[in-house]
file upload_36.csv (CSV, C-alpha atoms)
chain,number,residue,atom,x,y,z
A,145,MET,CA,0.0,0.0,0.0
A,146,THR,CA,2.8,2.4,-0.8
A,147,ASP,CA,2.5,3.5,-4.4
A,148,ASN,CA,0.9,6.7,-5.7
A,149,ALA,CA,-2.4,5.2,-6.8
A,150,THR,CA,-2.9,3.9,-3.3
A,151,ARG,CA,-2.2,7.3,-1.8
A,152,ASP,CA,-4.6,8.9,-4.3
A,153,ILE,CA,-7.2,6.3,-3.4
A,154,GLU,CA,-6.8,6.8,0.3
A,155,GLU,CA,-7.2,10.6,-0.2
A,156,LEU,CA,-10.3,10.1,-2.3
A,157,ILE,CA,-11.8,7.8,0.4
A,158,GLY,CA,-10.9,10.5,3.0
A,159,MET,CA,-12.8,13.1,1.0
A,160,MET,CA,-15.8,10.9,0.4
A,161,ALA,CA,-16.0,10.1,4.1
A,162,ARG,CA,-16.6,13.8,4.7
A,163,LEU,CA,-19.9,13.6,2.9
A,164,PRO,CA,-23.0,13.4,5.2
A,165,GLY,CA,-24.3,9.9,5.4
A,166,LEU,CA,-20.9,8.3,4.5
A,167,GLY,CA,-18.4,7.0,7.1
A,168,PRO,CA,-14.9,5.6,6.4
A,169,ARG,CA,-16.3,2.2,5.7
A,170,SER,CA,-19.1,3.2,3.3
A,171,ALA,CA,-16.7,5.7,1.6
A,172,ARG,CA,-14.3,2.7,1.0
A,173,ARG,CA,-17.1,0.7,-0.5
A,174,ALA,CA,-18.2,3.6,-2.7
A,175,VAL,CA,-14.7,4.3,-4.0
A,176,LEU,CA,-14.2,0.6,-4.8
A,177,HIS,CA,-17.5,0.6,-6.7
A,178,LEU,CA,-16.4,3.7,-8.5
A,179,ILE,CA,-13.0,2.2,-9.4
A,180,LYS,CA,-14.8,-0.9,-10.8
A,181,LYS,CA,-16.9,1.3,-12.9
A,182,ARG,CA,-14.2,3.8,-14.0
A,183,ALA,CA,-15.5,4.6,-17.4
A,184,LEU,CA,-19.2,4.2,-16.9
A,185,LEU,CA,-19.6,6.0,-13.6
A,186,MET,CA,-16.4,7.5,-12.1
A,187,MET,CA,-15.4,9.7,-15.0
A,188,PRO,CA,-18.9,11.1,-15.7
A,189,LEU,CA,-19.4,11.7,-12.0
A,190,ALA,CA,-16.1,13.6,-11.7
A,191,GLU,CA,-17.1,15.7,-14.7
A,192,ALA,CA,-20.6,16.3,-13.4
A,193,MET,CA,-19.2,17.4,-10.1
A,194,GLN,CA,-16.8,19.9,-11.8
A,195,GLN,CA,-19.6,21.2,-13.9
A,196,VAL,CA,-21.8,21.8,-10.9
A,197,ALA,CA,-19.0,23.2,-8.8
A,198,ALA,CA,-18.2,25.7,-11.6
A,199,THR,CA,-21.7,26.9,-12.3
A,200,ALA,CA,-23.8,26.5,-9.1
A,201,ARG,CA,-24.4,29.6,-7.0
A,202,GLU,CA,-26.9,30.7,-4.4
A,203,CYS,CA,-29.8,33.0,-5.4
A,204,LEU,CA,-29.1,36.5,-3.9
A,205,ALA,CA,-32.8,36.9,-3.2
A,206,CYS,CA,-34.0,33.6,-1.7
A,207,GLY,CA,-30.9,31.4,-1.1
A,208,ASN,CA,-32.0,28.7,-3.6
A,209,ILE,CA,-29.3,27.1,-5.8
A,210,GLY,CA,-29.1,27.9,-9.5
A,211,THR,CA,-26.8,29.2,-12.2
A,212,SER,CA,-27.6,32.8,-12.0
A,213,ASP,CA,-27.6,35.5,-9.3
A,214,ILE,CA,-31.4,35.3,-9.2
A,215,CYS,CA,-32.8,31.8,-9.4
A,216,ASP,CA,-35.5,30.6,-11.8
A,217,ILE,CA,-38.2,30.7,-9.2
A,218,CYS,CA,-37.4,34.3,-8.1
A,219,SER,CA,-37.2,35.5,-11.7
A,220,SER,CA,-40.4,33.8,-12.9
A,221,GLU,CA,-43.3,36.3,-13.0
A,222,LYS,CA,-45.8,33.5,-12.7
A,223,ARG,CA,-44.5,32.8,-9.1
A,224,ALA,CA,-45.0,36.4,-7.9
A,225,THR,CA,-48.2,35.4,-6.0
A,226,GLY,CA,-47.4,37.4,-2.9
A,227,GLU,CA,-46.7,34.2,-1.0
A,228,ILE,CA,-43.3,33.4,0.5
A,229,CYS,CA,-42.6,30.0,1.8
A,230,VAL,CA,-39.9,30.0,4.4
A,231,VAL,CA,-37.7,26.8,4.6
A,232,GLU,CA,-34.6,25.9,6.6
A,233,ASP,CA,-32.6,24.4,3.7
A,234,VAL,CA,-32.5,24.0,-0.1
A,235,ALA,CA,-33.4,20.3,0.5
A,236,ASP,CA,-36.7,21.4,2.0
A,237,LEU,CA,-37.3,23.7,-0.9
A,238,TRP,CA,-36.7,20.8,-3.3
A,239,ALA,CA,-39.1,18.7,-1.2
A,240,MET,CA,-41.8,21.4,-1.5
A,241,GLU,CA,-41.2,21.6,-5.2
A,242,ARG,CA,-41.6,17.8,-5.6
A,243,GLY,CA,-45.1,18.3,-4.0
A,244,ALA,CA,-45.7,20.8,-6.8
A,245,SER,CA,-48.6,22.4,-5.1
A,246,PHE,CA,-47.0,25.7,-4.0
A,247,ARG,CA,-46.9,28.3,-6.7
A,248,GLY,CA,-45.3,31.2,-4.8
A,249,ARG,CA,-41.7,32.0,-4.0
A,250,TYR,CA,-39.3,30.7,-1.3
A,251,HIS,CA,-37.0,32.0,1.3
A,252,VAL,CA,-34.2,29.6,2.4
A,253,LEU,CA,-33.0,30.5,5.9
A,254,GLY,CA,-29.9,28.3,5.8
A,255,GLY,CA,-30.5,26.7,9.2
A,256,THR,CA,-32.4,27.4,12.4
A,257,LEU,CA,-31.7,29.7,15.4
A,258,SER,CA,-29.6,27.8,17.9
A,259,ALA,CA,-28.3,29.2,21.2
A,260,LEU,CA,-26.0,26.2,21.6
A,261,ASP,CA,-24.3,26.7,18.3
A,262,ALA,CA,-24.4,30.6,18.6
A,263,ILE,CA,-26.6,30.9,15.5
A,264,GLY,CA,-28.6,34.2,15.7
A,265,PRO,CA,-30.9,35.9,13.2
A,266,GLU,CA,-27.9,37.6,11.5
A,267,GLU,CA,-26.3,34.2,10.8
A,268,LEU,CA,-29.5,33.1,9.0
A,269,ARG,CA,-31.2,34.9,6.1
A,270,ILE,CA,-33.8,36.4,8.5
A,271,PRO,CA,-33.0,40.2,8.0
A,272,LYS,CA,-33.2,39.5,4.2
A,273,LEU,CA,-36.6,37.9,4.7
A,274,LEU,CA,-37.9,41.0,6.5
A,275,ASP,CA,-36.5,43.2,3.7
A,276,ARG,CA,-38.3,41.1,1.1
A,277,VAL,CA,-41.6,41.2,3.0
A,278,ARG,CA,-41.4,45.0,2.9
A,279,ALA,CA,-40.2,45.4,-0.7
A,280,GLU,CA,-42.0,42.6,-2.7
A,281,GLY,CA,-45.7,43.2,-1.8
A,282,VAL,CA,-45.9,40.0,0.2
A,283,THR,CA,-49.3,39.1,1.5
A,284,GLU,CA,-48.6,35.7,3.2
A,285,VAL,CA,-45.5,34.2,4.8
A,286,ILE,CA,-45.8,30.4,5.1
A,287,LEU,CA,-43.5,29.0,7.8
A,288,ALA,CA,-42.5,25.5,6.5
A,289,LEU,CA,-39.9,24.8,9.1
A,290,ASN,CA,-39.2,21.4,10.5
A,291,ALA,CA,-41.3,20.3,13.4
A,292,THR,CA,-38.3,20.2,15.7
A,293,VAL,CA,-37.6,22.4,18.8
A,294,ASP,CA,-35.1,24.6,16.8
A,295,GLY,CA,-37.4,24.8,13.8
A,296,GLN,CA,-40.4,25.9,15.9
A,297,THR,CA,-38.3,28.4,17.9
A,298,THR,CA,-37.2,29.9,14.6
A,299,ALA,CA,-40.8,30.0,13.4
A,300,HIS,CA,-41.9,31.8,16.5
A,301,TYR,CA,-39.1,34.3,16.2
A,302,ILE,CA,-39.9,35.1,12.6
A,303,ALA,CA,-43.7,35.4,13.4
A,304,GLU,CA,-42.8,37.9,16.1
A,305,GLN,CA,-40.6,40.0,13.7
A,306,LEU,CA,-43.5,40.1,11.2
A,307,GLU,CA,-46.1,41.3,13.7
A,308,GLY,CA,-47.5,44.7,12.7
A,309,THR,CA,-46.5,44.4,9.1
A,310,GLY,CA,-50.0,43.4,8.1
A,311,VAL,CA,-48.7,40.2,6.5
A,312,SER,CA,-50.6,37.0,7.2
A,313,VAL,CA,-48.2,34.4,8.8
A,314,THR,CA,-49.2,30.8,8.5
A,315,SER,CA,-47.5,27.4,9.1
A,316,LEU,CA,-47.9,23.9,7.6
A,317,ALA,CA,-50.7,21.8,9.2
A,318,GLN,CA,-49.7,19.2,11.7
A,319,GLY,CA,-51.5,15.8,11.8
A,320,VAL,CA,-51.4,12.2,10.6
A,321,PRO,CA,-49.3,11.7,7.5
A,322,ILE,CA,-51.0,10.3,4.4
A,323,GLY,CA,-50.8,6.5,4.7
A,324,GLY,CA,-49.7,6.8,8.3
A,325,GLU,CA,-50.8,4.3,10.9
A,326,LEU,CA,-51.9,5.6,14.4
A,327,ASP,CA,-50.0,2.8,16.2
A,328,TYR,CA,-46.7,4.0,14.8
A,329,LEU,CA,-47.2,7.8,15.4
A,330,ASP,CA,-45.8,9.6,18.4
A,331,ASP,CA,-48.1,11.0,21.1
A,332,GLY,CA,-47.4,14.6,20.1
A,333,THR,CA,-48.6,14.0,16.5
A,334,ILE,CA,-51.8,12.3,17.7
A,335,THR,CA,-52.5,15.1,20.1
A,336,ALA,CA,-51.9,17.7,17.4
A,337,ALA,CA,-54.1,15.8,14.9
A,338,LEU,CA,-56.9,15.5,17.5
A,339,LYS,CA,-56.8,19.2,18.4
A,340,ALA,CA,-57.0,20.2,14.7
A,341,ARG,CA,-59.7,17.6,13.8
A,342,LYS,CA,-62.2,18.7,11.2
A,343,ARG,CA,-65.7,17.7,10.1
A,344,PHE,CA,-65.7,14.5,8.0
B,39,MET,CA,-36.4,23.9,-11.4
B,40,THR,CA,-35.9,24.3,-15.1
B,41,ASP,CA,-32.5,25.9,-15.7
B,42,ASN,CA,-29.3,24.1,-16.7
B,43,ALA,CA,-27.7,24.1,-13.2
B,44,THR,CA,-30.8,22.3,-11.8
B,45,ARG,CA,-30.6,19.7,-14.6
B,46,ASP,CA,-26.9,19.3,-13.9
B,47,ILE,CA,-27.5,19.0,-10.2
B,48,GLU,CA,-30.3,16.5,-10.8
B,49,GLU,CA,-27.9,14.4,-13.0
B,50,LEU,CA,-25.2,14.6,-10.3
B,51,ILE,CA,-27.7,13.4,-7.7
B,52,GLY,CA,-28.7,10.6,-9.9
B,53,MET,CA,-25.1,9.4,-10.3
B,54,MET,CA,-24.4,9.8,-6.6
B,55,ALA,CA,-27.5,7.7,-5.8
B,56,ARG,CA,-25.9,4.8,-7.8
B,57,LEU,CA,-23.1,4.5,-5.2
B,58,PRO,CA,-23.5,1.7,-2.7
B,59,GLY,CA,-24.9,3.0,0.6
B,60,LEU,CA,-26.4,6.1,-0.9
B,61,GLY,CA,-30.1,6.3,-1.9
B,62,PRO,CA,-31.8,9.2,-3.6
B,63,ARG,CA,-32.3,11.1,-0.3
B,64,SER,CA,-28.8,10.8,1.0
B,65,ALA,CA,-27.4,11.6,-2.5
B,66,ARG,CA,-29.4,14.8,-2.4
B,67,ARG,CA,-28.0,15.7,1.0
B,68,ALA,CA,-24.5,14.8,-0.1
B,69,VAL,CA,-24.8,17.0,-3.2
B,70,LEU,CA,-26.1,19.9,-1.3
B,71,HIS,CA,-23.2,19.6,1.2
B,72,LEU,CA,-20.8,19.5,-1.8
B,73,ILE,CA,-22.4,22.6,-3.3
B,74,LYS,CA,-22.1,24.5,0.0
B,75,LYS,CA,-18.4,23.5,0.1
B,76,ARG,CA,-17.7,24.0,-3.6
B,77,ALA,CA,-14.1,25.3,-3.3
B,78,LEU,CA,-13.0,23.3,-0.3
B,79,LEU,CA,-14.5,19.9,-1.0
B,80,MET,CA,-16.3,19.6,-4.3
B,81,MET,CA,-13.5,20.7,-6.7
B,82,PRO,CA,-10.8,18.7,-4.9
B,83,LEU,CA,-13.1,15.7,-4.8
B,84,ALA,CA,-13.8,15.9,-8.5
B,85,GLU,CA,-10.1,16.2,-9.3
B,86,ALA,CA,-9.2,13.3,-7.0
B,87,MET,CA,-11.8,11.2,-8.7
B,88,GLN,CA,-10.5,12.0,-12.2
B,89,GLN,CA,-7.0,11.3,-11.0
B,90,VAL,CA,-7.9,7.9,-9.6
B,91,ALA,CA,-10.1,7.0,-12.6
B,92,ALA,CA,-7.2,7.8,-14.9
B,93,THR,CA,-4.5,5.8,-13.1
B,94,ALA,CA,-6.1,3.0,-11.1
B,95,ARG,CA,-6.1,-0.5,-12.6
B,96,GLU,CA,-6.4,-4.1,-11.5
B,97,CYS,CA,-3.2,-6.1,-10.8
B,98,LEU,CA,-3.0,-8.8,-13.5
B,99,ALA,CA,-1.7,-11.3,-11.0
B,100,CYS,CA,-3.9,-10.9,-7.9
B,101,GLY,CA,-6.7,-8.4,-8.8
B,102,ASN,CA,-5.6,-5.8,-6.2
B,103,ILE,CA,-5.9,-2.2,-7.3
B,104,GLY,CA,-2.8,-0.1,-8.0
B,105,THR,CA,-1.3,2.0,-10.8
B,106,SER,CA,0.7,-0.6,-12.6
B,107,ASP,CA,0.0,-3.9,-14.3
B,108,ILE,CA,1.5,-5.7,-11.3
B,109,CYS,CA,0.6,-4.3,-7.9
B,110,ASP,CA,3.0,-3.3,-5.1
B,111,ILE,CA,2.4,-6.4,-3.1
B,112,CYS,CA,2.9,-8.8,-6.0
B,113,SER,CA,6.0,-7.1,-7.1
B,114,SER,CA,7.6,-6.9,-3.6
B,115,GLU,CA,10.2,-9.6,-3.1
B,116,LYS,CA,9.7,-9.4,0.6
B,117,ARG,CA,6.2,-10.7,0.2
B,118,ALA,CA,7.2,-13.9,-1.7
B,119,THR,CA,6.6,-16.0,1.4
B,120,GLY,CA,4.9,-18.8,-0.5
B,121,GLU,CA,1.6,-17.9,1.2
B,122,ILE,CA,-1.4,-16.7,-0.7
B,123,CYS,CA,-4.4,-15.3,1.1
B,124,VAL,CA,-7.6,-15.7,-0.9
B,125,VAL,CA,-10.2,-12.9,-0.4
B,126,GLU,CA,-13.5,-12.1,-2.1
B,127,ASP,CA,-13.0,-8.4,-2.7
B,128,VAL,CA,-10.3,-5.6,-2.7
B,129,ALA,CA,-12.1,-4.3,0.4
B,130,ASP,CA,-11.2,-7.5,2.2
B,131,LEU,CA,-7.6,-7.2,1.1
B,132,TRP,CA,-7.5,-3.7,2.6
B,133,ALA,CA,-9.0,-5.0,5.8
B,134,MET,CA,-6.3,-7.7,6.0
B,135,GLU,CA,-3.6,-5.1,5.3
B,136,ARG,CA,-4.9,-2.9,8.1
B,137,GLY,CA,-4.4,-5.8,10.4
B,138,ALA,CA,-0.8,-5.8,9.2
B,139,SER,CA,0.0,-9.3,10.4
B,140,PHE,CA,0.0,-11.1,7.0
B,141,ARG,CA,3.2,-10.8,5.1
B,142,GLY,CA,2.4,-13.0,2.0
B,143,ARG,CA,0.6,-12.2,-1.2
B,144,TYR,CA,-3.1,-12.0,-2.0
B,145,HIS,CA,-5.5,-13.3,-4.5
B,146,VAL,CA,-8.8,-11.3,-5.0
B,147,LEU,CA,-11.6,-13.6,-6.4
B,148,GLY,CA,-13.9,-10.7,-7.3
B,149,GLY,CA,-16.9,-12.3,-5.7
B,150,THR,CA,-18.2,-15.7,-4.6
B,151,LEU,CA,-19.6,-18.7,-6.5
B,152,SER,CA,-23.4,-18.2,-6.8
B,153,ALA,CA,-25.8,-20.5,-8.6
B,154,LEU,CA,-28.6,-17.9,-8.3
B,155,ASP,CA,-26.5,-15.2,-10.0
B,156,ALA,CA,-24.9,-17.7,-12.4
B,157,ILE,CA,-21.4,-17.0,-11.2
B,158,GLY,CA,-19.2,-20.0,-11.8
B,159,PRO,CA,-15.4,-20.4,-11.3
B,160,GLU,CA,-14.7,-18.9,-14.7
B,161,GLU,CA,-16.5,-15.6,-13.7
B,162,LEU,CA,-14.2,-15.4,-10.7
B,163,ARG,CA,-10.4,-15.4,-10.6
B,164,ILE,CA,-10.3,-19.1,-9.6
B,165,PRO,CA,-8.5,-20.6,-12.7
B,166,LYS,CA,-5.9,-17.8,-12.3
B,167,LEU,CA,-5.4,-18.9,-8.6
B,168,LEU,CA,-4.8,-22.5,-9.6
B,169,ASP,CA,-2.2,-21.2,-12.2
B,170,ARG,CA,-0.5,-19.2,-9.6
B,171,VAL,CA,-0.4,-22.1,-7.1
B,172,ARG,CA,1.4,-24.2,-9.8
B,173,ALA,CA,3.7,-21.4,-11.0
B,174,GLU,CA,4.7,-19.4,-7.9
B,175,GLY,CA,6.0,-22.1,-5.6
B,176,VAL,CA,3.1,-21.6,-3.2
B,177,THR,CA,3.2,-23.7,0.0
B,178,GLU,CA,0.0,-22.4,1.8
B,179,VAL,CA,-3.3,-21.1,0.5
B,180,ILE,CA,-5.2,-19.2,3.3
B,181,LEU,CA,-8.9,-19.0,2.5
B,182,ALA,CA,-10.0,-15.7,4.1
B,183,LEU,CA,-13.5,-15.7,2.6
B,184,ASN,CA,-16.5,-14.2,4.4
B,185,ALA,CA,-18.3,-16.6,6.8
B,186,THR,CA,-21.4,-16.5,4.7
B,187,VAL,CA,-23.0,-19.5,2.8
B,188,ASP,CA,-21.7,-18.3,-0.5
B,189,GLY,CA,-18.2,-17.5,0.9
B,190,GLN,CA,-18.0,-21.0,2.5
B,191,THR,CA,-19.3,-22.7,-0.6
B,192,THR,CA,-16.5,-21.0,-2.6
B,193,ALA,CA,-13.9,-21.9,0.0
B,194,HIS,CA,-14.9,-25.6,-0.2
B,195,TYR,CA,-14.8,-25.5,-4.0
B,196,ILE,CA,-11.3,-24.0,-4.0
B,197,ALA,CA,-10.1,-26.5,-1.4
B,198,GLU,CA,-11.4,-29.3,-3.6
B,199,GLN,CA,-9.5,-27.9,-6.6
B,200,LEU,CA,-6.3,-27.7,-4.6
B,201,GLU,CA,-6.5,-31.3,-3.5
B,202,GLY,CA,-3.5,-33.3,-4.7
B,203,THR,CA,-1.3,-30.3,-5.4
B,204,GLY,CA,0.5,-30.8,-2.1
B,205,VAL,CA,-0.3,-27.2,-1.0
B,206,SER,CA,-1.5,-26.7,2.6
B,207,VAL,CA,-5.0,-25.2,2.6
B,208,THR,CA,-6.1,-23.3,5.7
B,209,SER,CA,-8.9,-20.9,6.7
B,210,LEU,CA,-9.3,-18.1,9.2
B,211,ALA,CA,-10.2,-19.2,12.7
B,212,GLN,CA,-13.7,-18.8,13.8
B,213,GLY,CA,-14.6,-17.7,17.4
B,214,VAL,CA,-15.4,-14.9,19.7
B,215,PRO,CA,-14.3,-11.5,18.3
B,216,ILE,CA,-11.8,-9.5,20.4
B,217,GLY,CA,-13.9,-7.4,22.8
B,218,GLY,CA,-17.0,-9.5,21.9
B,219,GLU,CA,-19.7,-10.2,24.5
B,220,LEU,CA,-21.2,-13.7,24.5
B,221,ASP,CA,-24.7,-12.4,25.1
B,222,TYR,CA,-24.6,-10.6,21.7
B,223,LEU,CA,-23.1,-13.4,19.7
B,224,ASP,CA,-25.2,-15.7,17.5
B,225,ASP,CA,-25.4,-19.4,18.4
B,226,GLY,CA,-23.3,-20.5,15.4
B,227,THR,CA,-20.3,-18.4,16.6
B,228,ILE,CA,-20.6,-19.7,20.2
B,229,THR,CA,-20.8,-23.3,18.9
B,230,ALA,CA,-17.7,-22.8,16.7
B,231,ALA,CA,-15.8,-21.1,19.5
B,232,LEU,CA,-16.6,-24.0,21.9
B,233,LYS,CA,-15.6,-26.6,19.4
B,234,ALA,CA,-12.3,-24.9,18.7
B,235,ARG,CA,-11.6,-24.2,22.4
B,236,LYS,CA,-8.0,-24.3,23.5
B,237,ARG,CA,-6.0,-24.7,26.7
B,238,PHE,CA,-6.0,-21.5,28.8
call {"tool": "encode", "arguments": {"input": "upload_36.csv", "output": "structure tokens"}}
result
Amino acid sequence: MTDNATRDIEELIGMMARLPGLGPRSARRAVLHLIKKRALLMMPLAEAMQQVAATARECLACGNIGTSDICDICSSEKRATGEICVVEDVADLWAMERGASFRGRYHVLGGTLSALDAIGPEELRIPKLLDRVRAEGVTEVILALNATVDGQTTAHYIAEQLEGTGVSVTSLAQGVPIGGELDYLDDGTITAALKARKRF
Amino acid sequence: MTDNATRDIEELIGMMARLPGLGPRSARRAVLHLIKKRALLMMPLAEAMQQVAATARECLACGNIGTSDICDICSSEKRATGEICVVEDVADLWAMERGASFRGRYHVLGGTLSALDAIGPEELRIPKLLDRVRAEGVTEVILALNATVDGQTTAHYIAEQLEGTGVSVTSLAQGVPIGGELDYLDDGTITAALKARKRF
């Protein structure tokens, strides 16, 4: 295990192991798989990665990822519905877009408030959100933050900041997921679903 | 989600999702992480991948991965001990090398015999192993195959093929792993450890 290739491979494994969801062992397996499929997978993957690294950038308005300073969603007139959906991360924006039922624009915070990690409003895109609400003729801010303690703390903070602006602040409904079985749900979800029950 | 960057990103996610251990969801997370660390991680990773893809190749003798036609281990005179350790995969060879107690050479089969997947001796590197045993003055073949049904079937097949060649055929000991707790071990391991018990 002393030649250059082995050093290169070790380095590659080390980098792959830094990806979320991969540890040293799965990084080794992934790299071996890549080496076995050098022409079919490894080369195209390296090229795709370089391409994305060279062109991807964050939207200056909402924080979404695209190729231009203003992303497709922000620059589309069709999506100027006056609704802004606030999400923690680009992954959440993608999840909302897969649902394909929201036709407004987004605002990606880039995380949640966290006293432990010293993340305050200035570290997130919260001031920018308040600017947009004032400037863009926004009528509704939909807080689509994760149903975690940090997510809900952040939602409360943003709702507070928007008080008195006349903007309607809403959040996603909580309840039983489609296809969900009561027996597998946690008590909090059942309580929330019961409280928010509606006429059948 | 219509511009080029998004298409490129979708493609990249699709490729990442083909790696073992990553599904569509973890591939998305990994790609978002890469995009956030474009300069620090994504570019170097793409370059490392291209480097390895361009230089890595399988050793013609043993199937290990290196930069030359004959790998470092096979070309090192120090490792011509007459012992060949037979493993299923390069990952197993690396695991043995991390142990750093085996000083002979290896032979990577590239899988196990499997009637279901129609993998016979010709699909693996078994004929090449028999050639090496005849040509290289081998005294011992250590079968370090996984303790699975397919691994053990393959081990039995190889042992049969080596009968009458005068080569000593051994396999790794089975028993309680170092640091292992009896209560967490399966019955088969405990039985094997009891059968192979030795004087304290």
call {"tool": "residues_around", "arguments": {"input": "upload_36.csv", "residues": "Gln195 (chain A)", "least_positions_apart": "2", "cutoff": "12 Å", "atoms": "all atoms listed in the file", "output": "list in words"}}
result
Pro188, Leu189, Ala190, Glu191, Ala192, Met193, Ala197, Ala198, Thr199, Ala200, Arg201 and Thr211 of chain A; Asn42, Ala43, Thr44, Arg45, Asp46, Ile47, Glu49, Leu50, Ile73, Arg76, Met80, Met81, Ala84 and Glu85 of chain B
call {"tool": "residues_around", "arguments": {"input": "upload_36.csv", "residues": "Ser209 (chain B)", "least_positions_apart": "4", "cutoff": "6 Å", "atoms": "all atoms listed in the file", "output": "list in words"}}
result
Ile180, Leu181 and Ala182 of chain B
call {"tool": "atom_distance", "arguments": {"input": "upload_36.csv", "atom1": "CA of Pro265 (chain A)", "atom2": "CA of Gln305 (chain A)"}}
result
10.5 Å
call {"tool": "residues_near_point", "arguments": {"input": "upload_36.csv", "point": "(-35.6, 34.9, -1.6)", "cutoff": "10 Å", "atoms": "only C-alpha atoms", "output": "ChimeraX atom specification"}}
result
/A:203-208,214-215,217-218,228-230,249-253,269,272-273,275-277
call {"tool": "atom_distance", "arguments": {"input": "upload_36.csv", "atom1": "CA of Gly323 (chain A)", "atom2": "CA of Ile51 (chain B)"}}
result
27.1 Å
call {"tool": "residues_around", "arguments": {"input": "upload_36.csv", "residues": "Glu284 (chain A)", "least_positions_apart": "3", "cutoff": "6 Å", "atoms": "only C-alpha atoms", "output": "number ranges by chain"}}
result
A: 227, 311-313
call {"tool": "atom_distance", "arguments": {"input": "upload_36.csv", "atom1": "CA of Ser139 (chain B)", "atom2": "CA of Thr229 (chain B)"}}
result
26.5 Å
call {"tool": "closest_residue", "arguments": {"input": "upload_36.csv", "among": "B:Ala129, B:Ala118, B:Ile196, B:Leu78", "to": "chain A", "atoms": "all atoms listed in the file"}}
result
B:Ala129
call {"tool": "closest_residue", "arguments": {"input": "upload_36.csv", "among": "B:Arg237, B:Asp155, B:Met53, B:Arg63", "to": "Lys181 (chain A)", "atoms": "all atoms listed in the file"}}
result
B:Met53
call {"tool": "closest_residue", "arguments": {"input": "upload_36.csv", "among": "B:Asp221, B:Glu135, B:Glu174, B:Glu126", "to": "chain A", "atoms": "only C-alpha atoms"}}
result
B:Glu135
call {"tool": "closest_residue", "arguments": {"input": "upload_36.csv", "among": "A:Thr333, A:Thr298, A:Ser170, A:Thr309", "to": "Gly254 (chain A)", "atoms": "all atoms listed in the file"}}
result
A:Thr298
call {"tool": "build_atoms", "arguments": {"input": "upload_36.csv", "residues": "region 200-204 of chain B", "atoms": "all heavy atoms", "output": "PDB file, in the coordinates of the input"}}
result
ATOM      1  N   LEU B 200      -7.717 -27.695  -5.033  1.00  0.00           N
ATOM      2  CA  LEU B 200      -6.300 -27.700  -4.600  1.00  0.00           C
ATOM      3  C   LEU B 200      -5.858 -29.065  -4.118  1.00  0.00           C
ATOM      4  O   LEU B 200      -4.678 -29.278  -3.851  1.00  0.00           O
ATOM      5  CB  LEU B 200      -6.030 -26.607  -3.608  1.00  0.00           C
ATOM      6  CG  LEU B 200      -6.129 -25.176  -4.138  1.00  0.00           C
ATOM      7  CD1 LEU B 200      -6.023 -24.174  -3.000  1.00  0.00           C
ATOM      8  CD2 LEU B 200      -5.046 -24.901  -5.179  1.00  0.00           C
ATOM      9  N   GLU B 201      -6.826 -29.987  -3.960  1.00  0.00           N
ATOM     10  CA  GLU B 201      -6.500 -31.300  -3.500  1.00  0.00           C
ATOM     11  C   GLU B 201      -5.474 -31.985  -4.412  1.00  0.00           C
ATOM     12  O   GLU B 201      -5.626 -31.906  -5.631  1.00  0.00           O
ATOM     13  CB  GLU B 201      -7.744 -32.207  -3.418  1.00  0.00           C
ATOM     14  CG  GLU B 201      -8.281 -32.350  -1.999  1.00  0.00           C
ATOM     15  CD  GLU B 201      -9.603 -33.091  -1.979  1.00  0.00           C
ATOM     16  OE1 GLU B 201      -9.788 -33.994  -2.817  1.00  0.00           O
ATOM     17  OE2 GLU B 201     -10.447 -32.733  -1.138  1.00  0.00           O
ATOM     18  N   GLY B 202      -4.452 -32.618  -3.849  1.00  0.00           N
ATOM     19  CA  GLY B 202      -3.500 -33.300  -4.700  1.00  0.00           C
ATOM     20  C   GLY B 202      -2.353 -32.464  -5.188  1.00  0.00           C
ATOM     21  O   GLY B 202      -1.427 -32.959  -5.814  1.00  0.00           O
ATOM     22  N   THR B 203      -2.432 -31.139  -4.926  1.00  0.00           N
ATOM     23  CA  THR B 203      -1.300 -30.300  -5.400  1.00  0.00           C
ATOM     24  C   THR B 203      -0.227 -30.217  -4.315  1.00  0.00           C
ATOM     25  O   THR B 203       0.823 -29.637  -4.561  1.00  0.00           O
ATOM     26  CB  THR B 203      -1.819 -28.826  -5.632  1.00  0.00           C
ATOM     27  OG1 THR B 203      -2.440 -28.361  -4.432  1.00  0.00           O
ATOM     28  CG2 THR B 203      -2.795 -28.763  -6.781  1.00  0.00           C
ATOM     29  N   GLY B 204      -0.500 -30.769  -3.120  1.00  0.00           N
ATOM     30  CA  GLY B 204       0.500 -30.800  -2.100  1.00  0.00           C
ATOM     31  C   GLY B 204       0.553 -29.452  -1.299  1.00  0.00           C
ATOM     32  O   GLY B 204       1.360 -29.286  -0.385  1.00  0.00           O
TER      33      GLY B 204
END
